[in-house]
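J.: So that you have it, the file is run.cif, and it contains mmCIF, C-alpha atoms and all ligand atoms:
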```cif
data_run
#
loop_
_atom_site.group_PDB
_atom_site.id
_atom_site.type_symbol
_atom_site.label_atom_id
_atom_site.label_comp_id
_atom_site.auth_asym_id
_atom_site.auth_seq_id
_atom_site.Cartn_x
_atom_site.Cartn_y
_atom_site.Cartn_z
ATOM 1 C CA MET A 1 -4.565 -14.212 20.114
ATOM 2 C CA LEU A 2 -4.925 -12.932 16.556
ATOM 3 C CA THR A 3 -3.957 -16.182 14.827
ATOM 4 C CA SER A 4 -6.333 -18.409 16.777
ATOM 5 C CA SER A 5 -9.322 -16.086 16.289
ATOM 6 C CA LEU A 6 -9.089 -16.639 12.515
ATOM 7 C CA THR A 7 -8.780 -20.426 12.693
ATOM 8 C CA GLY A 8 -11.700 -22.067 10.896
ATOM 9 C CA LYS A 9 -13.190 -18.759 9.730
ATOM 10 C CA SER A 10 -14.725 -18.677 6.261
ATOM 11 C CA VAL A 11 -13.076 -15.954 4.198
ATOM 12 C CA ILE A 12 -13.647 -14.624 0.664
ATOM 13 C CA VAL A 13 -10.886 -12.670 -1.077
ATOM 14 C CA THR A 14 -11.958 -10.993 -4.327
ATOM 15 C CA GLY A 15 -9.059 -10.560 -6.723
ATOM 16 C CA GLY A 16 -7.308 -13.257 -4.713
ATOM 17 C CA SER A 17 -5.553 -14.951 -7.635
ATOM 18 C CA LYS A 18 -2.668 -12.494 -7.894
ATOM 19 C CA GLY A 19 -0.809 -9.678 -6.199
ATOM 20 C CA ILE A 20 -2.137 -8.257 -2.960
ATOM 21 C CA GLY A 21 -5.191 -10.528 -2.912
ATOM 22 C CA LYS A 22 -2.969 -13.592 -3.123
ATOM 23 C CA GLY A 23 -0.913 -12.225 -0.207
ATOM 24 C CA ILE A 24 -4.090 -11.672 1.823
ATOM 25 C CA ALA A 25 -5.276 -15.223 1.011
ATOM 26 C CA ARG A 26 -1.868 -16.639 1.991
ATOM 27 C CA VAL A 27 -1.899 -14.899 5.397
ATOM 28 C CA PHE A 28 -5.469 -15.972 6.204
ATOM 29 C CA ALA A 29 -4.727 -19.564 5.150
ATOM 30 C CA ALA A 30 -1.613 -19.556 7.338
ATOM 31 C CA HIS A 31 -3.866 -18.512 10.244
ATOM 32 C CA GLY A 32 -6.022 -21.582 9.655
ATOM 33 C CA ALA A 33 -8.896 -19.864 7.848
ATOM 34 C CA LYS A 34 -10.899 -21.482 5.023
ATOM 35 C CA VAL A 35 -10.337 -19.215 2.039
ATOM 36 C CA LEU A 36 -12.293 -18.818 -1.203
ATOM 37 C CA ILE A 37 -10.431 -16.924 -3.923
ATOM 38 C CA ALA A 38 -12.594 -15.111 -6.492
ATOM 39 C CA ALA A 39 -11.361 -13.777 -9.829
ATOM 40 C CA ARG A 40 -12.552 -13.670 -13.446
ATOM 41 C CA HIS A 41 -9.970 -16.119 -14.788
ATOM 42 C CA LEU A 42 -10.679 -19.461 -13.136
ATOM 43 C CA LYS A 43 -7.433 -21.158 -14.232
ATOM 44 C CA ASP A 44 -5.293 -18.477 -12.515
ATOM 45 C CA ALA A 45 -7.449 -18.645 -9.396
ATOM 46 C CA GLU A 46 -7.282 -22.441 -9.277
ATOM 47 C CA ALA A 47 -3.494 -22.431 -9.746
ATOM 48 C CA CYS A 48 -3.169 -19.921 -6.915
ATOM 49 C CA ALA A 49 -5.486 -21.952 -4.660
ATOM 50 C CA ALA A 50 -3.496 -25.132 -5.367
ATOM 51 C CA GLU A 51 -0.214 -23.352 -4.526
ATOM 52 C CA LEU A 52 -1.567 -21.927 -1.246
ATOM 53 C CA ALA A 53 -3.265 -25.190 -0.276
ATOM 54 C CA LYS A 54 0.085 -26.987 -0.707
ATOM 55 C CA ALA A 55 1.439 -24.794 2.085
ATOM 56 C CA GLY A 56 -1.170 -26.335 4.365
ATOM 57 C CA GLY A 57 -4.191 -24.044 4.078
ATOM 58 C CA THR A 58 -7.768 -24.685 3.013
ATOM 59 C CA VAL A 59 -8.020 -22.669 -0.181
ATOM 60 C CA SER A 60 -10.270 -23.047 -3.223
ATOM 61 C CA ALA A 61 -11.297 -20.905 -6.166
ATOM 62 C CA VAL A 62 -14.384 -19.614 -7.925
ATOM 63 C CA ALA A 63 -14.819 -17.625 -11.144
ATOM 64 C CA ALA A 64 -16.608 -14.359 -10.393
ATOM 65 C CA ASP A 65 -16.652 -10.823 -11.759
ATOM 66 C CA VAL A 66 -17.126 -8.115 -9.115
ATOM 67 C CA THR A 67 -19.017 -5.937 -11.610
ATOM 68 C CA LYS A 68 -21.869 -8.490 -11.730
ATOM 69 C CA LEU A 69 -24.264 -8.867 -8.802
ATOM 70 C CA ALA A 70 -25.263 -12.408 -9.860
ATOM 71 C CA ASP A 71 -21.582 -13.453 -9.774
ATOM 72 C CA MET A 72 -21.144 -11.929 -6.332
ATOM 73 C CA GLU A 73 -24.244 -13.726 -5.017
ATOM 74 C CA ALA A 74 -23.032 -17.035 -6.466
ATOM 75 C CA MET A 75 -19.574 -16.436 -4.929
ATOM 76 C CA ALA A 76 -21.071 -15.849 -1.471
ATOM 77 C CA LYS A 77 -23.263 -18.962 -1.830
ATOM 78 C CA THR A 78 -20.224 -21.030 -2.821
ATOM 79 C CA ALA A 79 -18.349 -19.945 0.310
ATOM 80 C CA VAL A 80 -21.340 -20.888 2.474
ATOM 81 C CA GLU A 81 -21.703 -24.281 0.768
ATOM 82 C CA ARG A 82 -17.991 -25.109 0.961
ATOM 83 C CA HIS A 83 -17.255 -23.695 4.411
ATOM 84 C CA GLY A 84 -20.563 -23.793 6.292
ATOM 85 C CA GLY A 85 -20.964 -20.013 6.457
ATOM 86 C CA LEU A 86 -19.201 -16.727 5.795
ATOM 87 C CA ASP A 87 -17.262 -14.653 8.321
ATOM 88 C CA VAL A 88 -14.966 -12.344 6.373
ATOM 89 C CA LEU A 89 -15.121 -10.542 3.019
ATOM 90 C CA CYS A 90 -11.886 -9.017 1.740
ATOM 91 C CA ALA A 91 -13.084 -6.738 -1.076
ATOM 92 C CA ASN A 92 -9.758 -6.415 -2.833
ATOM 93 C CA ALA A 93 -10.295 -6.750 -6.616
ATOM 94 C CA GLY A 94 -9.178 -3.644 -8.447
ATOM 95 C CA ILE A 95 -7.728 -2.344 -11.716
ATOM 96 C CA PHE A 96 -5.486 0.644 -12.414
ATOM 97 C CA PRO A 97 -5.071 1.426 -16.132
ATOM 98 C CA GLN A 98 -3.181 4.729 -16.358
ATOM 99 C CA ALA A 99 -4.715 7.547 -18.450
ATOM 100 C CA LYS A 100 -4.411 11.309 -18.072
ATOM 101 C CA ILE A 101 -7.639 13.370 -18.117
ATOM 102 C CA GLU A 102 -7.026 14.786 -21.591
ATOM 103 C CA ASP A 103 -6.505 11.332 -23.104
ATOM 104 C CA MET A 104 -8.973 9.299 -21.047
ATOM 105 C CA ALA A 105 -11.923 7.788 -22.879
ATOM 106 C CA PRO A 106 -15.099 7.912 -20.757
ATOM 107 C CA GLU A 107 -15.292 4.124 -21.128
ATOM 108 C CA ILE A 108 -12.026 3.728 -19.193
ATOM 109 C CA TRP A 109 -13.419 5.932 -16.422
ATOM 110 C CA ASP A 110 -16.548 3.756 -16.284
ATOM 111 C CA GLU A 111 -14.548 0.509 -16.252
ATOM 112 C CA VAL A 112 -12.447 1.642 -13.283
ATOM 113 C CA MET A 113 -15.551 2.913 -11.420
ATOM 114 C CA ASP A 114 -17.435 -0.323 -12.129
ATOM 115 C CA THR A 115 -14.643 -2.591 -10.926
ATOM 116 C CA ASN A 116 -13.167 -0.688 -7.995
ATOM 117 C CA LEU A 117 -16.145 1.174 -6.548
ATOM 118 C CA LYS A 118 -19.331 -0.519 -7.756
ATOM 119 C CA GLY A 119 -17.500 -3.852 -7.354
ATOM 120 C CA THR A 120 -16.921 -3.020 -3.693
ATOM 121 C CA PHE A 121 -20.627 -2.247 -3.236
ATOM 122 C CA LEU A 122 -21.800 -5.370 -5.092
ATOM 123 C CA SER A 123 -19.483 -7.728 -3.220
ATOM 124 C CA VAL A 124 -20.553 -6.254 0.120
ATOM 125 C CA LYS A 125 -24.266 -6.342 -0.838
ATOM 126 C CA ALA A 126 -24.041 -10.017 -1.817
ATOM 127 C CA CYS A 127 -22.102 -11.052 1.297
ATOM 128 C CA VAL A 128 -24.041 -9.135 3.982
ATOM 129 C CA PRO A 129 -26.946 -11.645 4.251
ATOM 130 C CA HIS A 130 -24.389 -14.358 5.124
ATOM 131 C CA LEU A 131 -22.059 -12.191 7.241
ATOM 132 C CA LYS A 132 -25.086 -11.293 9.391
ATOM 133 C CA LYS A 133 -25.196 -14.919 10.551
ATOM 134 C CA SER A 134 -21.542 -14.901 11.650
ATOM 135 C CA LYS A 135 -20.556 -14.090 15.214
ATOM 136 C CA GLN A 136 -17.504 -12.308 13.798
ATOM 137 C CA GLY A 137 -18.711 -10.615 10.583
ATOM 138 C CA ARG A 138 -15.914 -8.585 9.008
ATOM 139 C CA ILE A 139 -15.477 -6.600 5.819
ATOM 140 C CA VAL A 140 -11.986 -5.442 4.881
ATOM 141 C CA LEU A 141 -11.565 -3.172 1.844
ATOM 142 C CA THR A 142 -8.320 -2.763 -0.092
ATOM 143 C CA SER A 143 -8.153 0.961 -0.835
ATOM 144 C CA SER A 144 -4.856 2.786 -1.550
ATOM 145 C CA ILE A 145 -2.843 5.818 -0.488
ATOM 146 C CA THR A 146 -3.543 7.073 -4.051
ATOM 147 C CA GLY A 147 -6.769 9.053 -3.825
ATOM 148 C CA PRO A 148 -7.432 9.169 -0.071
ATOM 149 C CA VAL A 149 -4.024 10.724 0.700
ATOM 150 C CA THR A 150 -1.840 11.249 -2.388
ATOM 151 C CA GLY A 151 -2.154 11.879 -6.112
ATOM 152 C CA TYR A 152 -0.414 10.453 -9.166
ATOM 153 C CA PRO A 153 -0.759 11.714 -12.763
ATOM 154 C CA GLY A 154 -2.818 9.299 -14.837
ATOM 155 C CA TRP A 155 -4.858 8.060 -11.924
ATOM 156 C CA THR A 156 -7.702 10.569 -11.422
ATOM 157 C CA HIS A 157 -10.266 7.812 -12.011
ATOM 158 C CA TYR A 158 -8.402 5.301 -9.847
ATOM 159 C CA GLY A 159 -7.833 7.821 -7.018
ATOM 160 C CA ALA A 160 -11.524 8.742 -7.100
ATOM 161 C CA THR A 161 -12.517 5.096 -6.635
ATOM 162 C CA LYS A 162 -10.034 4.506 -3.814
ATOM 163 C CA ALA A 163 -11.249 7.633 -1.962
ATOM 164 C CA GLY A 164 -14.824 6.633 -2.812
ATOM 165 C CA GLN A 165 -14.349 3.272 -1.094
ATOM 166 C CA LEU A 166 -13.656 5.151 2.151
ATOM 167 C CA GLY A 167 -16.813 7.252 1.778
ATOM 168 C CA PHE A 168 -18.745 4.014 1.216
ATOM 169 C CA MET A 169 -17.099 2.440 4.259
ATOM 170 C CA ARG A 170 -17.968 5.283 6.646
ATOM 171 C CA THR A 171 -21.697 4.835 6.105
ATOM 172 C CA ALA A 172 -21.613 1.041 5.575
ATOM 173 C CA CYS A 173 -20.044 0.567 9.002
ATOM 174 C CA ILE A 174 -22.924 2.469 10.632
ATOM 175 C CA GLU A 175 -25.597 0.548 8.659
ATOM 176 C CA LEU A 176 -24.035 -2.841 9.419
ATOM 177 C CA ALA A 177 -23.089 -2.249 13.060
ATOM 178 C CA LYS A 178 -26.458 -3.592 14.218
ATOM 179 C CA TYR A 179 -25.443 -6.989 12.828
ATOM 180 C CA GLY A 180 -22.069 -6.893 14.583
ATOM 181 C CA ILE A 181 -20.329 -6.519 11.217
ATOM 182 C CA THR A 182 -17.280 -4.235 11.098
ATOM 183 C CA VAL A 183 -16.018 -2.484 7.955
ATOM 184 C CA ASN A 184 -12.435 -1.236 7.718
ATOM 185 C CA ALA A 185 -9.899 -0.478 5.002
ATOM 186 C CA VAL A 186 -6.214 -1.093 4.355
ATOM 187 C CA LEU A 187 -4.404 1.607 2.333
ATOM 188 C CA PRO A 188 -1.307 0.092 0.693
ATOM 189 C CA GLY A 189 1.599 2.147 -0.594
ATOM 190 C CA ASN A 190 3.889 0.664 -3.255
ATOM 191 C CA ILE A 191 3.681 -3.089 -2.975
ATOM 192 C CA ILE A 192 5.734 -5.615 -4.939
ATOM 193 C CA THR A 193 3.335 -7.659 -7.033
ATOM 194 C CA GLU A 194 3.998 -9.863 -10.071
ATOM 195 C CA GLY A 195 3.233 -6.839 -12.288
ATOM 196 C CA LEU A 196 5.699 -4.558 -10.502
ATOM 197 C CA ALA A 197 8.398 -7.231 -10.298
ATOM 198 C CA GLY A 198 8.170 -7.501 -14.089
ATOM 199 C CA LEU A 199 9.240 -3.853 -14.442
ATOM 200 C CA GLY A 200 12.741 -4.746 -13.265
ATOM 201 C CA GLU A 201 15.012 -4.152 -10.284
ATOM 202 C CA GLU A 202 16.075 -0.639 -11.334
ATOM 203 C CA TYR A 203 12.437 0.511 -11.419
ATOM 204 C CA GLN A 204 11.824 -0.989 -7.987
ATOM 205 C CA ARG A 205 14.999 0.649 -6.613
ATOM 206 C CA SER A 206 13.917 4.083 -7.854
ATOM 207 C CA MET A 207 10.459 3.654 -6.290
ATOM 208 C CA ALA A 208 11.942 2.441 -3.008
ATOM 209 C CA ALA A 209 14.143 5.565 -2.839
ATOM 210 C CA SER A 210 11.065 7.690 -2.001
ATOM 211 C CA VAL A 211 10.110 5.452 0.940
ATOM 212 C CA PRO A 212 11.624 6.234 4.385
ATOM 213 C CA LEU A 213 11.980 2.502 5.131
ATOM 214 C CA LYS A 214 13.860 2.230 1.785
ATOM 215 C CA HIS A 215 12.130 -0.839 0.474
ATOM 216 C CA LEU A 216 8.787 -1.648 -1.116
ATOM 217 C CA GLY A 217 6.080 -3.506 0.771
ATOM 218 C CA THR A 218 5.203 -7.157 0.303
ATOM 219 C CA VAL A 219 1.729 -8.511 -0.391
ATOM 220 C CA GLU A 220 1.893 -10.254 2.983
ATOM 221 C CA ASP A 221 2.387 -6.843 4.685
ATOM 222 C CA ILE A 222 -1.118 -6.011 3.467
ATOM 223 C CA GLY A 223 -2.374 -9.479 4.435
ATOM 224 C CA HIS A 224 -1.259 -8.981 8.038
ATOM 225 C CA ALA A 225 -3.128 -5.659 8.286
ATOM 226 C CA ALA A 226 -6.262 -7.268 6.798
ATOM 227 C CA ALA A 227 -5.938 -10.172 9.252
ATOM 228 C CA TYR A 228 -5.858 -7.713 12.153
ATOM 229 C CA PHE A 229 -9.104 -6.038 11.020
ATOM 230 C CA ALA A 230 -10.680 -9.498 10.596
ATOM 231 C CA SER A 231 -9.585 -10.762 13.998
ATOM 232 C CA LYS A 232 -11.731 -11.118 17.117
ATOM 233 C CA GLU A 233 -9.401 -8.641 18.806
ATOM 234 C CA ALA A 234 -10.409 -5.887 16.343
ATOM 235 C CA GLY A 235 -14.109 -6.345 17.167
ATOM 236 C CA TYR A 236 -14.469 -2.776 18.518
ATOM 237 C CA VAL A 237 -12.718 -1.192 15.492
ATOM 238 C CA THR A 238 -14.967 -0.103 12.634
ATOM 239 C CA GLY A 239 -14.899 2.549 9.902
ATOM 240 C CA GLN A 240 -11.130 2.900 10.246
ATOM 241 C CA THR A 241 -8.143 2.892 7.927
ATOM 242 C CA ILE A 242 -4.575 1.725 8.253
ATOM 243 C CA ILE A 243 -1.838 2.955 5.924
ATOM 244 C CA VAL A 244 0.798 0.329 5.121
ATOM 245 C CA ASP A 245 3.397 2.233 3.086
ATOM 246 C CA GLY A 246 6.790 2.224 4.831
ATOM 247 C CA GLY A 247 6.242 5.902 5.717
ATOM 248 C CA GLN A 248 5.965 6.925 2.056
ATOM 249 C CA ILE A 249 3.360 9.667 2.577
ATOM 250 C CA LEU A 250 5.252 11.378 5.407
ATOM 251 C CA PRO A 251 8.248 13.369 4.065
ATOM 252 C CA GLU A 252 7.036 16.896 3.274
ATOM 253 C CA SER A 253 9.749 17.395 0.640
ATOM 254 C CA LEU A 254 12.596 15.567 -1.086
ATOM 255 C CA GLU A 255 14.896 17.550 1.245
ATOM 256 C CA ALA A 256 13.099 16.126 4.285
ATOM 257 C CA LEU A 257 13.787 12.619 2.987
ATOM 258 C CA ALA A 258 17.402 13.314 1.990
ATOM 259 C CA SER A 259 18.378 15.029 5.240
ATOM 260 C CA ALA A 260 17.330 12.144 7.508
HETATM 261 P P1 LIG B 301 -3.243 -7.323 -9.572
HETATM 262 O O1 LIG B 301 -1.959 -7.965 -9.224
HETATM 263 O O2 LIG B 301 -3.443 -6.789 -10.948
HETATM 264 O O3 LIG B 301 -4.424 -8.359 -9.237
HETATM 265 C C1 LIG B 301 -5.751 -7.966 -9.448
HETATM 266 C C2 LIG B 301 -6.676 -9.085 -9.012
HETATM 267 O O4 LIG B 301 -8.020 -8.646 -9.166
HETATM 268 C C3 LIG B 301 -6.530 -10.330 -9.879
HETATM 269 O O5 LIG B 301 -6.771 -11.465 -9.071
HETATM 270 C C4 LIG B 301 -7.617 -10.159 -10.920
HETATM 271 O O6 LIG B 301 -7.972 -11.431 -11.468
HETATM 272 C C5 LIG B 301 -8.714 -9.540 -10.051
HETATM 273 N N1 LIG B 301 -9.737 -8.764 -10.772
HETATM 274 C C6 LIG B 301 -9.572 -7.713 -11.616
HETATM 275 N N2 LIG B 301 -10.756 -7.314 -12.082
HETATM 276 C C7 LIG B 301 -11.695 -8.128 -11.529
HETATM 277 C C8 LIG B 301 -13.104 -8.237 -11.628
HETATM 278 N N3 LIG B 301 -13.828 -7.416 -12.416
HETATM 279 N N4 LIG B 301 -13.738 -9.172 -10.904
HETATM 280 C C9 LIG B 301 -13.037 -10.031 -10.108
HETATM 281 N N5 LIG B 301 -11.711 -9.987 -9.969
HETATM 282 C C10 LIG B 301 -11.055 -9.042 -10.682
HETATM 283 O O7 LIG B 301 -3.558 -6.085 -8.587
HETATM 284 P P2 LIG B 301 -2.908 -5.667 -7.180
HETATM 285 O O8 LIG B 301 -1.783 -4.755 -7.453
HETATM 286 O O9 LIG B 301 -2.701 -6.850 -6.337
HETATM 287 O O10 LIG B 301 -4.101 -4.787 -6.586
HETATM 288 C C11 LIG B 301 -5.096 -5.373 -5.753
HETATM 289 C C12 LIG B 301 -5.796 -4.269 -4.986
HETATM 290 O O11 LIG B 301 -4.812 -3.530 -4.255
HETATM 291 C C13 LIG B 301 -6.521 -3.253 -5.881
HETATM 292 O O12 LIG B 301 -7.731 -2.886 -5.276
HETATM 293 C C14 LIG B 301 -5.565 -2.074 -5.917
HETATM 294 O O13 LIG B 301 -6.248 -0.872 -6.104
HETATM 295 C C15 LIG B 301 -4.941 -2.156 -4.530
HETATM 296 N N6 LIG B 301 -3.622 -1.507 -4.418
HETATM 297 C C16 LIG B 301 -2.512 -2.031 -5.030
HETATM 298 C C17 LIG B 301 -1.269 -1.420 -4.838
HETATM 299 C C18 LIG B 301 0.010 -1.989 -5.399
HETATM 300 O O14 LIG B 301 1.100 -1.411 -5.163
HETATM 301 N N7 LIG B 301 -0.029 -3.096 -6.105
HETATM 302 C C19 LIG B 301 -1.181 -0.254 -4.068
HETATM 303 C C20 LIG B 301 -2.333 0.256 -3.498
HETATM 304 C C21 LIG B 301 -3.553 -0.386 -3.659
HETATM 305 P P3 LIG B 301 -8.747 -11.561 -12.885
HETATM 306 O O15 LIG B 301 -8.034 -10.681 -13.851
HETATM 307 O O16 LIG B 301 -8.665 -13.014 -13.197
HETATM 308 O O17 LIG B 301 -10.145 -11.124 -12.637
#
```
Any chance you could give the structure as C-alpha cells?
T.:
Amino acid sequence: MLTSSLTGKSVIVTGGSKGIGKGIARVFAAHGAKVLIAARHLKDAEACAAELAKAGGTVSAVAADVTKLADMEAMAKTAVERHGGLDVLCANAGIFPQAKIEDMAPEIWDEVMDTNLKGTFLSVKACVPHLKKSKQGRIVLTSSITGPVTGYPGWTHYGATKAGQLGFMRTACIELAKYGITVNAVLPGNIITEGLAGLGEEYQRSMAASVPLKHLGTVEDIGHAAAYFASKEAGYVTGQTIIVDGGQILPESLEALASA
C-alpha cells in the first residue's frame, strides 16, 4: 500500500517552506515519512516544520540555497544525520519572476536558470551518493505545464527551465537506474499557493474558468502525485511525467470549453 511504503522514509523537499513544497512535505509527513525542508530563509522553514510537525509528522528544517553545491551537500548530510539515511529527494524549489523577452535583463534569465535548472542538477548531484544506499531511492522533480506543454507571455526563461528539467530527467533516469534510483516529474497546472491566494478571489475565479474541472489545484494535489512516484509501488516507473492540472491543457479552443 502506498502509505505504508513511505513510512519511516527519509525525504528532502527543497523549497519546502511554502506553496507546493509545503504541500508535498505535508503529504509525506502524513504518510509517516521523516521530512527535511530546505529553503533559503530558515525562519520560514522552521515555522513551516513546526506547523507540520504539530499535525503529527517528523519534520525539520535546514537553510540551503539550491544554487550552491556546498549548501546542497550540507543539506543531504543533515538528512542523513537526522534520519539515518536518505530515500527521497523532491527537487521542488523554483522561482518565476515574469519578464517579456524585450524587457528581460540577462541577469533575470541567469537567476531563473540557476535556481530552477542548475538547482535541480545540484540538488540531485549532492543527494545521489546517499540515495544510492537506499533500497528505495527516488527523485521527484517539480516541473510545470508551462514550458513542457504550454506557453505564457513573460515566462520564456521559466518555461525553458521547466522543459529543461524534463530533458535532464530523461538522461538522469538512465544514469541512475543501475543504483535502483528512479527519476520522475510532476507537472502542476494552476495551484493555489499563498502567493496566488493573495491575488484575491476574483483572480482565482477567472483562472479557474479555463480549467475543465472548474477549480484550481491544491498543493496537496501535487503532494499526492509526488508520493506516488516516491512509493515502493512506483518502483518500475522512471523517466515519466504526470500532469496535475484539472484538465487545463486539454480544450483545443475556448469554444471547446464553453460547449461542454
Ligand atoms: P513559492 O510558493 O514561491 O515557494 C517557493 C519555495 O522555494 C520557497 O520555499 C522558497 O523559500 C524556495 N526557494 C526559492 N528559491 C530558492 C533557492 N535558491 N534555494 C532554496 N529554496 C528556494 O513557489 P510555488 O508556487 O510553490 O512553486 C514551487 C515549484 O512548483 C516551482 O518549481 C514552480 O516552478 C512549480 N510550479 C508552481 C505552480 C503554481 O501554480 N504555483 C505551477 C507549476 C509549477 P526561500 O525563498 O526561503 O528560499
J.: Just checking: using only C-alpha atoms and all ligand atoms, which residue out of A:Thr193, A:Gln136, A:Thr7, A:Asn184 ends up closest to ligand LIG 301 (chain B)?
T.: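 Under the stated criterion, the closest residue is A:Thr193.
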J.: Neighbouring residues of region 140-150 of chain A were defined as those with any atom within 10 Å, considering only C-alpha atoms; residues of the same chain fewer than 5 positions away were excluded. Please report them as a PyMOL selection string.
T.: chain A and resi 13-14+20-21+88-94+116-117+120+124+155-167+169+182-190+222+225-230+238-245+248-249
J.: Point out the residue among A:Leu69, A:Ala39, A:Thr78, A:Gly8 with the least atom-to-atom distance to Gly57 (chain A), counting only C-alpha atoms.
T.: A:Gly8
J.: Have a look at A:Ile24, A:Ala63, A:Met72, A:Leu250 and name the one nearest to Leu42 (chain A); count all atoms listed in the file.
T.: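 Once distances to Leu42 (chain A) are computed over all atoms listed in the file, the minimum belongs to A:Ala63.
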J.: Using all atoms listed in the file for the distances, tell me which of A:Cys127, A:Ala53, A:Ile101, A:Ala47 is nearest to Ile12 (chain A).
T.: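 Closest residue, counting all atoms listed in the file: A:Cys127.
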J.: What's around Gly32 (chain A) at 9 Å? Count all atoms listed in the file, leave out sequence neighbours fewer than 3 positions away in its own chain, and write the answer as a PyMOL selection string.
T.: chain A and resi 3-4+6-9+27-29+56-58
J.: Tell me, in Å to one decimal, how far CA of Glu81 (chain A) is from atom N6 of ligand LIG 301 (chain B).
T.: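 Spanning CA of Glu81 (chain A) to atom N6 of ligand LIG 301 (chain B) is a straight-line distance of 29.5 Å.
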J.: Just checking: using all atoms listed in the file, which residue out of A:Thr218, A:Gln204, A:Ser134, A:Ser210 ends up closest to Val11 (chain A)?
T.: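 With all atoms listed in the file as the atom set, the closest residue is A:Ser134.
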J.: Listed atoms of ligand LIG 301 (chain B), axis-aligned box, 6 Å per side: centre and edge lengths to one decimal in Å, as JSON?
T.:
```
{"center_x": -6.4, "center_y": -6.4, "center_z": -8.7, "size_x": 26.9, "size_y": 25.3, "size_z": 22.4}
```
